[in-house]
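Pasted below: upload_4.cif, mmCIF, N, CA and C atoms.
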```
data_protein
#
loop_
_atom_site.label_atom_id
_atom_site.label_comp_id
_atom_site.auth_asym_id
_atom_site.auth_seq_id
_atom_site.Cartn_x
_atom_site.Cartn_y
_atom_site.Cartn_z
N GLN E 8 227.38 146.46 164.55
CA GLN E 8 228.34 145.37 164.65
C GLN E 8 228.06 144.56 165.91
N VAL E 9 227.89 143.27 165.74
CA VAL E 9 227.61 142.39 166.87
C VAL E 9 228.88 142.16 167.67
N GLN E 10 228.80 142.41 168.95
CA GLN E 10 229.93 142.14 169.83
C GLN E 10 229.45 141.40 171.07
N LEU E 11 230.28 140.47 171.51
CA LEU E 11 230.01 139.72 172.73
C LEU E 11 231.21 139.86 173.65
N ARG E 12 230.95 140.15 174.90
CA ARG E 12 232.05 140.32 175.85
C ARG E 12 231.78 139.49 177.08
N GLU E 13 232.64 138.52 177.33
CA GLU E 13 232.51 137.66 178.50
C GLU E 13 233.24 138.26 179.70
N SER E 14 232.76 137.93 180.86
CA SER E 14 233.41 138.33 182.10
C SER E 14 233.03 137.33 183.18
N GLY E 15 233.73 137.41 184.31
CA GLY E 15 233.39 136.57 185.44
C GLY E 15 234.29 135.38 185.66
N GLY E 16 235.23 135.17 184.75
CA GLY E 16 236.15 134.05 184.94
C GLY E 16 237.11 134.31 186.10
N GLY E 17 237.85 133.30 186.47
CA GLY E 17 238.81 133.45 187.54
C GLY E 17 239.33 132.11 188.00
N SER E 18 240.00 132.13 189.12
CA SER E 18 240.58 130.92 189.69
C SER E 18 239.82 130.54 190.96
N VAL E 19 239.41 129.29 191.04
CA VAL E 19 238.70 128.78 192.21
C VAL E 19 239.22 127.41 192.56
N GLN E 20 238.92 126.99 193.75
CA GLN E 20 239.29 125.63 194.17
C GLN E 20 238.19 124.66 193.77
N SER E 21 238.56 123.41 193.70
CA SER E 21 237.61 122.36 193.37
C SER E 21 236.40 122.43 194.29
N GLY E 22 235.22 122.33 193.70
CA GLY E 22 233.99 122.45 194.48
C GLY E 22 233.43 123.86 194.52
N GLY E 23 234.20 124.82 194.05
CA GLY E 23 233.78 126.21 194.08
C GLY E 23 232.78 126.56 192.99
N SER E 24 232.41 127.84 192.97
CA SER E 24 231.40 128.33 192.03
C SER E 24 231.87 129.60 191.34
N LEU E 25 231.38 129.80 190.14
CA LEU E 25 231.61 131.03 189.39
C LEU E 25 230.37 131.30 188.55
N THR E 26 230.12 132.57 188.29
CA THR E 26 229.07 132.94 187.35
C THR E 26 229.68 133.77 186.25
N LEU E 27 229.57 133.28 185.03
CA LEU E 27 230.07 133.98 183.86
C LEU E 27 228.94 134.83 183.26
N SER E 28 229.32 135.96 182.72
CA SER E 28 228.37 136.84 182.05
C SER E 28 228.83 137.09 180.62
N CYS E 29 227.88 137.27 179.74
CA CYS E 29 228.16 137.59 178.35
C CYS E 29 227.28 138.77 177.98
N ALA E 30 227.89 139.93 177.84
CA ALA E 30 227.16 141.14 177.49
C ALA E 30 227.23 141.35 175.98
N ALA E 31 226.07 141.50 175.37
CA ALA E 31 226.01 141.69 173.92
C ALA E 31 225.79 143.15 173.58
N SER E 32 226.35 143.57 172.49
CA SER E 32 226.14 144.92 171.99
C SER E 32 226.03 144.88 170.47
N GLY E 33 225.39 145.89 169.92
CA GLY E 33 225.25 145.95 168.47
C GLY E 33 224.00 145.26 167.96
N TYR E 34 223.30 144.54 168.86
CA TYR E 34 222.06 143.88 168.49
C TYR E 34 221.36 143.51 169.80
N THR E 35 220.13 143.08 169.70
CA THR E 35 219.42 142.62 170.89
C THR E 35 219.33 141.10 170.85
N ILE E 36 219.59 140.48 172.00
CA ILE E 36 219.70 139.02 172.02
C ILE E 36 218.37 138.31 172.00
N SER E 37 217.28 139.06 172.11
CA SER E 37 215.98 138.41 172.30
C SER E 37 215.63 137.43 171.19
N ASN E 38 216.13 137.70 169.98
CA ASN E 38 215.81 136.81 168.86
C ASN E 38 216.97 135.91 168.47
N TYR E 39 217.93 135.76 169.39
CA TYR E 39 219.11 134.97 169.10
C TYR E 39 219.20 133.76 170.02
N CYS E 40 219.72 132.69 169.48
CA CYS E 40 220.12 131.56 170.29
C CYS E 40 221.51 131.88 170.85
N MET E 41 221.68 131.73 172.14
CA MET E 41 222.94 132.03 172.80
C MET E 41 223.52 130.75 173.40
N ALA E 42 224.83 130.70 173.45
CA ALA E 42 225.46 129.47 173.95
C ALA E 42 226.79 129.77 174.62
N TRP E 43 227.20 128.84 175.45
CA TRP E 43 228.52 128.86 176.04
C TRP E 43 229.29 127.64 175.55
N PHE E 44 230.54 127.88 175.19
CA PHE E 44 231.46 126.83 174.79
C PHE E 44 232.71 126.95 175.64
N ARG E 45 233.54 125.93 175.61
CA ARG E 45 234.82 126.02 176.31
C ARG E 45 235.89 125.29 175.52
N GLN E 46 237.12 125.70 175.76
CA GLN E 46 238.25 125.05 175.09
C GLN E 46 239.43 125.00 176.04
N ALA E 47 239.86 123.79 176.33
CA ALA E 47 241.03 123.57 177.16
C ALA E 47 242.26 123.46 176.27
N PRO E 48 243.43 123.75 176.79
CA PRO E 48 244.65 123.66 175.99
C PRO E 48 244.81 122.29 175.34
N GLY E 49 245.05 122.29 174.05
CA GLY E 49 245.26 121.04 173.34
C GLY E 49 244.01 120.28 173.01
N LYS E 50 242.86 120.84 173.33
CA LYS E 50 241.59 120.16 173.06
C LYS E 50 240.71 120.99 172.14
N GLU E 51 239.73 120.34 171.54
CA GLU E 51 238.79 121.04 170.68
C GLU E 51 237.78 121.83 171.50
N ARG E 52 237.26 122.85 170.86
CA ARG E 52 236.21 123.62 171.51
C ARG E 52 234.95 122.75 171.62
N GLU E 53 234.32 122.81 172.80
CA GLU E 53 233.13 121.98 173.02
C GLU E 53 232.01 122.80 173.63
N ALA E 54 230.80 122.37 173.35
CA ALA E 54 229.64 123.06 173.89
C ALA E 54 229.47 122.78 175.36
N VAL E 55 228.98 123.78 176.08
CA VAL E 55 228.64 123.64 177.48
C VAL E 55 227.12 123.69 177.64
N ALA E 56 226.52 124.74 177.08
CA ALA E 56 225.07 124.92 177.22
C ALA E 56 224.58 125.91 176.18
N SER E 57 223.30 125.82 175.86
CA SER E 57 222.69 126.79 174.95
C SER E 57 221.31 127.15 175.47
N ILE E 58 220.84 128.32 175.05
CA ILE E 58 219.50 128.76 175.39
C ILE E 58 218.91 129.47 174.18
N ASP E 59 217.77 128.95 173.72
CA ASP E 59 217.12 129.50 172.54
C ASP E 59 216.40 130.80 172.87
N SER E 60 215.90 131.45 171.84
CA SER E 60 215.13 132.68 172.05
C SER E 60 213.84 132.39 172.83
N ASP E 61 213.34 131.15 172.76
CA ASP E 61 212.15 130.79 173.54
C ASP E 61 212.53 130.19 174.89
N ARG E 62 213.82 130.31 175.24
CA ARG E 62 214.37 129.88 176.54
C ARG E 62 214.49 128.37 176.67
N THR E 63 214.38 127.65 175.58
CA THR E 63 214.71 126.22 175.64
C THR E 63 216.19 126.08 175.96
N VAL E 64 216.52 125.28 176.94
CA VAL E 64 217.93 125.11 177.34
C VAL E 64 218.40 123.71 177.02
N ARG E 65 219.66 123.62 176.71
CA ARG E 65 220.30 122.34 176.42
C ARG E 65 221.68 122.36 177.07
N TYR E 66 222.10 121.20 177.55
CA TYR E 66 223.39 121.10 178.24
C TYR E 66 224.19 119.93 177.70
N ALA E 67 225.49 120.10 177.72
CA ALA E 67 226.37 118.98 177.41
C ALA E 67 226.28 117.96 178.54
N GLY E 68 226.56 116.72 178.20
CA GLY E 68 226.41 115.66 179.18
C GLY E 68 227.26 115.84 180.43
N PHE E 69 228.44 116.40 180.29
CA PHE E 69 229.35 116.52 181.43
C PHE E 69 228.86 117.55 182.46
N VAL E 70 227.88 118.38 182.09
CA VAL E 70 227.38 119.38 183.03
C VAL E 70 226.69 118.71 184.22
N LYS E 71 225.86 117.73 183.95
CA LYS E 71 225.22 116.91 184.99
C LYS E 71 224.63 117.72 186.14
N GLY E 72 223.88 118.75 185.79
CA GLY E 72 223.18 119.52 186.80
C GLY E 72 224.03 120.53 187.54
N ARG E 73 225.29 120.67 187.19
CA ARG E 73 226.16 121.60 187.91
C ARG E 73 226.07 123.03 187.39
N PHE E 74 225.74 123.19 186.12
CA PHE E 74 225.73 124.51 185.50
C PHE E 74 224.30 124.90 185.12
N THR E 75 224.04 126.22 185.10
CA THR E 75 222.75 126.74 184.68
C THR E 75 222.96 127.91 183.74
N ILE E 76 222.38 127.83 182.54
CA ILE E 76 222.43 128.93 181.59
C ILE E 76 221.13 129.72 181.70
N SER E 77 221.24 131.03 181.60
CA SER E 77 220.05 131.87 181.66
C SER E 77 220.29 133.11 180.82
N ARG E 78 219.21 133.81 180.52
CA ARG E 78 219.34 135.03 179.74
C ARG E 78 218.46 136.11 180.32
N ASP E 79 218.94 137.34 180.25
CA ASP E 79 218.17 138.51 180.65
C ASP E 79 218.11 139.42 179.43
N ASN E 80 217.03 139.32 178.70
CA ASN E 80 216.93 140.09 177.46
C ASN E 80 216.93 141.59 177.72
N ALA E 81 216.39 142.00 178.84
CA ALA E 81 216.36 143.44 179.16
C ALA E 81 217.78 143.99 179.35
N LYS E 82 218.66 143.14 179.88
CA LYS E 82 220.05 143.55 180.08
C LYS E 82 220.95 143.13 178.92
N ASN E 83 220.34 142.44 177.94
CA ASN E 83 221.11 141.97 176.78
C ASN E 83 222.30 141.11 177.22
N THR E 84 222.06 140.26 178.19
CA THR E 84 223.14 139.50 178.81
C THR E 84 222.72 138.04 179.01
N VAL E 85 223.68 137.16 178.82
CA VAL E 85 223.50 135.74 179.08
C VAL E 85 224.45 135.34 180.19
N TYR E 86 224.01 134.42 181.02
CA TYR E 86 224.81 134.00 182.18
C TYR E 86 225.05 132.50 182.16
N LEU E 87 226.13 132.11 182.81
CA LEU E 87 226.39 130.69 183.05
C LEU E 87 226.81 130.56 184.51
N GLN E 88 225.90 130.03 185.31
CA GLN E 88 226.20 129.78 186.71
C GLN E 88 226.82 128.39 186.82
N MET E 89 227.99 128.34 187.41
CA MET E 89 228.72 127.09 187.52
C MET E 89 228.96 126.77 188.99
N THR E 90 228.56 125.59 189.40
CA THR E 90 228.78 125.13 190.75
C THR E 90 229.49 123.78 190.70
N GLY E 91 230.02 123.34 191.83
CA GLY E 91 230.69 122.05 191.87
C GLY E 91 231.81 121.94 190.86
N LEU E 92 232.56 123.00 190.71
CA LEU E 92 233.61 123.02 189.69
C LEU E 92 234.69 121.99 189.98
N LYS E 93 235.20 121.42 188.90
CA LYS E 93 236.24 120.39 188.98
C LYS E 93 237.45 120.86 188.20
N PRO E 94 238.61 120.32 188.50
CA PRO E 94 239.81 120.71 187.74
C PRO E 94 239.64 120.51 186.23
N GLU E 95 238.89 119.51 185.84
CA GLU E 95 238.67 119.27 184.40
C GLU E 95 237.77 120.32 183.76
N ASP E 96 237.19 121.21 184.53
CA ASP E 96 236.42 122.32 183.97
C ASP E 96 237.33 123.49 183.58
N THR E 97 238.60 123.39 183.89
CA THR E 97 239.55 124.44 183.53
C THR E 97 239.60 124.61 182.03
N ALA E 98 239.35 125.82 181.55
CA ALA E 98 239.30 126.10 180.11
C ALA E 98 239.04 127.58 179.90
N MET E 99 239.18 127.99 178.65
CA MET E 99 238.70 129.30 178.22
C MET E 99 237.22 129.12 177.86
N TYR E 100 236.38 129.95 178.41
CA TYR E 100 234.94 129.85 178.15
C TYR E 100 234.51 130.97 177.21
N TYR E 101 233.80 130.59 176.17
CA TYR E 101 233.38 131.51 175.13
C TYR E 101 231.86 131.60 175.05
N CYS E 102 231.39 132.80 174.78
CA CYS E 102 229.99 133.04 174.50
C CYS E 102 229.80 133.08 172.98
N ALA E 103 228.66 132.58 172.52
CA ALA E 103 228.39 132.58 171.09
C ALA E 103 226.92 132.91 170.83
N ALA E 104 226.66 133.45 169.64
CA ALA E 104 225.29 133.84 169.29
C ALA E 104 225.00 133.50 167.84
N GLU E 105 223.75 133.15 167.61
CA GLU E 105 223.29 132.86 166.26
C GLU E 105 221.84 133.33 166.15
N ALA E 106 221.52 133.94 165.01
CA ALA E 106 220.17 134.44 164.80
C ALA E 106 219.15 133.33 165.02
N GLY E 107 218.09 133.67 165.72
CA GLY E 107 217.11 132.70 166.16
C GLY E 107 216.43 131.94 165.04
N ARG E 108 216.38 130.65 165.17
CA ARG E 108 215.65 129.74 164.27
C ARG E 108 215.49 128.45 165.04
N GLU E 109 214.61 127.62 164.58
CA GLU E 109 214.46 126.33 165.25
C GLU E 109 215.72 125.49 165.03
N MET E 110 216.21 124.93 166.13
CA MET E 110 217.43 124.13 166.06
C MET E 110 217.20 122.79 166.72
N THR E 111 217.88 121.80 166.20
CA THR E 111 217.95 120.53 166.90
C THR E 111 218.97 120.68 168.02
N THR E 112 218.99 119.71 168.92
CA THR E 112 219.98 119.76 170.00
C THR E 112 221.38 119.74 169.43
N MET E 113 221.61 118.95 168.41
CA MET E 113 222.94 118.87 167.81
C MET E 113 223.36 120.22 167.24
N GLU E 114 222.43 120.89 166.60
CA GLU E 114 222.74 122.21 166.07
C GLU E 114 223.00 123.22 167.18
N ALA E 115 222.15 123.20 168.20
CA ALA E 115 222.28 124.17 169.28
C ALA E 115 223.58 124.01 170.04
N LEU E 116 224.11 122.82 170.08
CA LEU E 116 225.37 122.56 170.78
C LEU E 116 226.54 122.36 169.82
N GLY E 117 226.36 122.80 168.59
CA GLY E 117 227.41 122.63 167.59
C GLY E 117 228.24 123.88 167.39
N VAL E 118 229.54 123.71 167.38
CA VAL E 118 230.46 124.85 167.22
C VAL E 118 230.20 125.57 165.90
N THR E 119 229.94 124.83 164.85
CA THR E 119 229.82 125.45 163.52
C THR E 119 228.50 126.18 163.33
N THR E 120 227.57 126.04 164.26
CA THR E 120 226.28 126.70 164.12
C THR E 120 226.38 128.21 164.31
N TYR E 121 227.30 128.64 165.14
CA TYR E 121 227.31 130.01 165.64
C TYR E 121 228.20 130.93 164.81
N THR E 122 227.63 132.10 164.52
CA THR E 122 228.32 133.10 163.71
C THR E 122 229.15 134.06 164.55
N TYR E 123 228.63 134.42 165.72
CA TYR E 123 229.27 135.45 166.52
C TYR E 123 229.87 134.86 167.79
N TRP E 124 231.08 135.31 168.09
CA TRP E 124 231.83 134.77 169.24
C TRP E 124 232.48 135.89 170.03
N GLY E 125 232.57 135.68 171.34
CA GLY E 125 233.33 136.58 172.17
C GLY E 125 234.79 136.17 172.23
N GLN E 126 235.58 136.92 173.01
CA GLN E 126 237.01 136.67 173.11
C GLN E 126 237.35 135.64 174.18
N GLY E 127 236.40 135.37 175.05
CA GLY E 127 236.61 134.34 176.05
C GLY E 127 237.00 134.88 177.42
N THR E 128 236.74 134.07 178.43
CA THR E 128 237.14 134.37 179.80
C THR E 128 237.69 133.09 180.41
N GLN E 129 238.82 133.19 181.08
CA GLN E 129 239.51 131.99 181.58
C GLN E 129 238.93 131.53 182.91
N VAL E 130 238.70 130.25 183.01
CA VAL E 130 238.29 129.61 184.26
C VAL E 130 239.34 128.58 184.63
N THR E 131 239.89 128.71 185.83
CA THR E 131 240.90 127.78 186.31
C THR E 131 240.45 127.19 187.63
N VAL E 132 240.39 125.87 187.70
CA VAL E 132 239.95 125.18 188.91
C VAL E 132 241.11 124.34 189.43
N SER E 133 241.50 124.60 190.64
CA SER E 133 242.61 123.86 191.25
C SER E 133 242.09 122.80 192.21
N SER E 134 242.86 121.74 192.34
CA SER E 134 242.43 120.63 193.21
C SER E 134 242.89 120.84 194.63
#
```
Any chance you could give the structure as structure tokens?
Amino acid sequence: QVQLRESGGGSVQSGGSLTLSCAASGYTISNYCMAWFRQAPGKEREAVASIDSDRTVRYAGFVKGRFTISRDNAKNTVYLQMTGLKPEDTAMYYCAAEAGREMTTMEALGVTTYTYWGQGTQVTVSS
């Protein structure tokens, strides 16, 4: 059974940093496309970043160099390093996985692409 567990969320002040982790179990991530999404109250879930099995990375436009997605296949874990956090980054952050295949950018950053989801970790940024 595929399971994803996020951790690393918390409360920080504007300009601060956090690193989120997504630990996978029940399968090995090496052949999966992994992604981070977020959802703020009253808003739709949106993509933050994705990383393919070949380590191709894609970012949503609002990231603008502030976030870095990475994967450690040996640890079966995906990370999202976030710097320069802003109050508008406040949201529940979710990890997602989909069996590896060639994807367009739209697919890689699309909510409907992913089959497996974690429960989320809350990030709160205060001004």
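With only N, CA and C atoms as the atoms that count, the residue of E:Asn38, E:Ser133, E:Thr63, E:Gln46 with the shortest distance to E:Glu105 is E:Asn38.
Between atom CA of E:Ser21 and atom N of E:Leu116 there is a distance of 26.9 Å.
Considering all atoms listed in the file, the residue among E:Cys40, E:Gly91, E:Thr111, E:Ala98 positioned nearest to E:Gly127 is E:Ala98.
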Across E:Ala47, E:Ala104, E:Val9, E:Ala54, the smallest distance to E:Gly33, with all atoms listed in the file counted, is shown by E:Val9
Counting all atoms listed in the file, what is within 6 Å of stretch 71-80 of chain E, bar same-chain residues fewer than 5 positions away, as a list in words?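 In the requested form, the answer reads Ile36, Ser37, Val85, Tyr86, Leu87, Gln88, Met89, Thr90 and Gly91 of chain E.
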Produce a file of the selected residues containing N, CA and C atoms, as a tab-separated table (two decimals), in the coordinates of the input.
```tsv
chain	number	residue	atom	x	y	z
E	36	ILE	N	219.59	140.48	172.00
E	36	ILE	CA	219.70	139.02	172.02
E	36	ILE	C	218.37	138.31	172.00
E	37	SER	N	217.28	139.06	172.11
E	37	SER	CA	215.98	138.41	172.30
E	37	SER	C	215.63	137.43	171.19
E	85	VAL	N	223.68	137.16	178.82
E	85	VAL	CA	223.50	135.74	179.08
E	85	VAL	C	224.45	135.34	180.19
E	86	TYR	N	224.01	134.42	181.02
E	86	TYR	CA	224.81	134.00	182.18
E	86	TYR	C	225.05	132.50	182.16
E	87	LEU	N	226.13	132.11	182.81
E	87	LEU	CA	226.39	130.69	183.05
E	87	LEU	C	226.81	130.56	184.51
E	88	GLN	N	225.90	130.03	185.31
E	88	GLN	CA	226.20	129.78	186.71
E	88	GLN	C	226.82	128.39	186.82
E	89	MET	N	227.99	128.34	187.41
E	89	MET	CA	228.72	127.09	187.52
E	89	MET	C	228.96	126.77	188.99
E	90	THR	N	228.56	125.59	189.40
E	90	THR	CA	228.78	125.13	190.75
E	90	THR	C	229.49	123.78	190.70
E	91	GLY	N	230.02	123.34	191.83
E	91	GLY	CA	230.69	122.05	191.87
E	91	GLY	C	231.81	121.94	190.86
```
Backbone-only DSSP, strand (DSSP E or B) members of chain E, as a PyMOL selection string: chain E and resi 10-14+17-20+25-32+39-46+53-58+64-66+74-79+84-89+98-106+123-124+128-133
Would you give me, as a PyMOL selection string, the residues in chain E that DSSP reads as alpha helix (DSSP H)? chain E and resi 112-115
Please expand the PyMOL selection byres ((chain E and resi 29) around 7) into the concrete residues it hits in this file, giving the result as an MDAnalysis selection string. chainID E and resid 11:14 27:28 30:31 83:87 102
Residue among E:Ser32, E:Tyr66, E:Lys82, E:Phe44 lying closest to E:Thr112, counting only N, CA and C atoms: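 Looking at the shortest contact to E:Thr112, the residue is E:Tyr66.
Taking atom CA of E:Val55 as the reference point, atom CA of E:Ala81 is found at 23.4 Å.
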Quick one: residues within 7 Å of E:Thr131, only C-alpha atoms counted, chain neighbours fewer than 3 positions away excluded, as a VMD selection string? chain E and resid 17 to 19 97 to 98
Write the selection just made, keeping N, CA and C atoms, as a PDB file, in the frame of the given file?
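Result file selection.pdb:
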```pdb
ATOM      1  N   GLY E  17     237.850 133.300 186.470  1.00  0.00           N
ATOM      2  CA  GLY E  17     238.810 133.450 187.540  1.00  0.00           C
ATOM      3  C   GLY E  17     239.330 132.110 188.000  1.00  0.00           C
ATOM      4  N   SER E  18     240.000 132.130 189.120  1.00  0.00           N
ATOM      5  CA  SER E  18     240.580 130.920 189.690  1.00  0.00           C
ATOM      6  C   SER E  18     239.820 130.540 190.960  1.00  0.00           C
ATOM      7  N   VAL E  19     239.410 129.290 191.040  1.00  0.00           N
ATOM      8  CA  VAL E  19     238.700 128.780 192.210  1.00  0.00           C
ATOM      9  C   VAL E  19     239.220 127.410 192.560  1.00  0.00           C
ATOM     10  N   THR E  97     238.600 123.390 183.890  1.00  0.00           N
ATOM     11  CA  THR E  97     239.550 124.440 183.530  1.00  0.00           C
ATOM     12  C   THR E  97     239.600 124.610 182.030  1.00  0.00           C
ATOM     13  N   ALA E  98     239.350 125.820 181.550  1.00  0.00           N
ATOM     14  CA  ALA E  98     239.300 126.100 180.110  1.00  0.00           C
ATOM     15  C   ALA E  98     239.040 127.580 179.900  1.00  0.00           C
TER      16      ALA E  98
END
```
Under the rule that all atoms listed in the file are counted, which of E:Arg108, E:Arg45, E:Ala115, E:Val132 is the nearest residue to E:Ser57? E:Ala115
Å distance separating atom CA of E:Tyr121 from atom CA of E:Gly15, one decimal place: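 Spanning atom CA of E:Tyr121 to atom CA of E:Gly15 is a straight-line distance of 21.7 Å.
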Rank E:Met110, E:Tyr123, E:Tyr101, E:Lys93 by their smallest atom-to-atom distance to E:Ile58, using only C-alpha atoms, and report the top residue only.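 Of all the options, E:Met110 lies closest to E:Ile58.
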Box time for stretch 121-128 of chain E: axis-aligned, enclosing all its listed atoms, 4 Å extra on each side; report centre and edge lengths in Å to one decimal, as JSON.
```
{"center_x": 232.5, "center_y": 132.8, "center_z": 172.1, "size_x": 18.4, "size_y": 16.3, "size_z": 24.7}
```
File for stretch 15-30 of chain E (N, CA and C atoms), as an mmCIF file, in the first residue's frame:
```
data_model
loop_
_atom_site.group_PDB
_atom_site.id
_atom_site.type_symbol
_atom_site.label_atom_id
_atom_site.label_comp_id
_atom_site.auth_asym_id
_atom_site.auth_seq_id
_atom_site.Cartn_x
_atom_site.Cartn_y
_atom_site.Cartn_z
ATOM 1 N N GLY E 15 7.504 18.591 8.757
ATOM 2 C CA GLY E 15 8.344 19.771 8.636
ATOM 3 C C GLY E 15 7.608 21.087 8.600
ATOM 4 N N GLY E 16 6.281 21.030 8.582
ATOM 5 C CA GLY E 16 5.526 22.277 8.590
ATOM 6 C C GLY E 16 5.642 22.988 9.933
ATOM 7 N N GLY E 17 5.152 24.199 9.985
ATOM 8 C CA GLY E 17 5.194 24.956 11.221
ATOM 9 C C GLY E 17 4.858 26.403 10.983
ATOM 10 N N SER E 18 5.113 27.205 11.993
ATOM 11 C CA SER E 18 4.839 28.636 11.928
ATOM 12 C C SER E 18 6.149 29.402 11.885
ATOM 13 N N VAL E 19 6.268 30.309 10.931
ATOM 14 C CA VAL E 19 7.461 31.137 10.799
ATOM 15 C C VAL E 19 7.055 32.563 10.485
ATOM 16 N N GLN E 20 7.978 33.457 10.663
ATOM 17 C CA GLN E 20 7.725 34.855 10.308
ATOM 18 C C GLN E 20 8.079 35.075 8.840
ATOM 19 N N SER E 21 7.524 36.127 8.299
ATOM 20 C CA SER E 21 7.802 36.482 6.917
ATOM 21 C C SER E 21 9.305 36.585 6.685
ATOM 22 N N GLY E 22 9.756 35.992 5.590
ATOM 23 C CA GLY E 22 11.182 35.966 5.297
ATOM 24 C C GLY E 22 11.887 34.725 5.810
ATOM 25 N N GLY E 23 11.195 33.933 6.609
ATOM 26 C CA GLY E 23 11.786 32.739 7.183
ATOM 27 C C GLY E 23 11.863 31.578 6.217
ATOM 28 N N SER E 24 12.362 30.453 6.735
ATOM 29 C CA SER E 24 12.573 29.259 5.909
ATOM 30 C C SER E 24 12.022 28.022 6.604
ATOM 31 N N LEU E 25 11.622 27.067 5.799
ATOM 32 C CA LEU E 25 11.195 25.758 6.281
ATOM 33 C C LEU E 25 11.595 24.726 5.244
ATOM 34 N N THR E 26 11.846 23.519 5.703
ATOM 35 C CA THR E 26 12.064 22.404 4.786
ATOM 36 C C THR E 26 11.043 21.325 5.089
ATOM 37 N N LEU E 27 10.233 21.007 4.096
ATOM 38 C CA LEU E 27 9.230 19.960 4.221
ATOM 39 C C LEU E 27 9.814 18.639 3.720
ATOM 40 N N SER E 28 9.401 17.567 4.351
ATOM 41 C CA SER E 28 9.816 16.233 3.930
ATOM 42 C C SER E 28 8.587 15.394 3.631
ATOM 43 N N CYS E 29 8.736 14.491 2.692
ATOM 44 C CA CYS E 29 7.675 13.551 2.341
ATOM 45 C C CYS E 29 8.294 12.167 2.303
ATOM 46 N N ALA E 30 7.979 11.362 3.299
ATOM 47 C CA ALA E 30 8.509 10.008 3.375
ATOM 48 C C ALA E 30 7.505 9.040 2.770
#
```
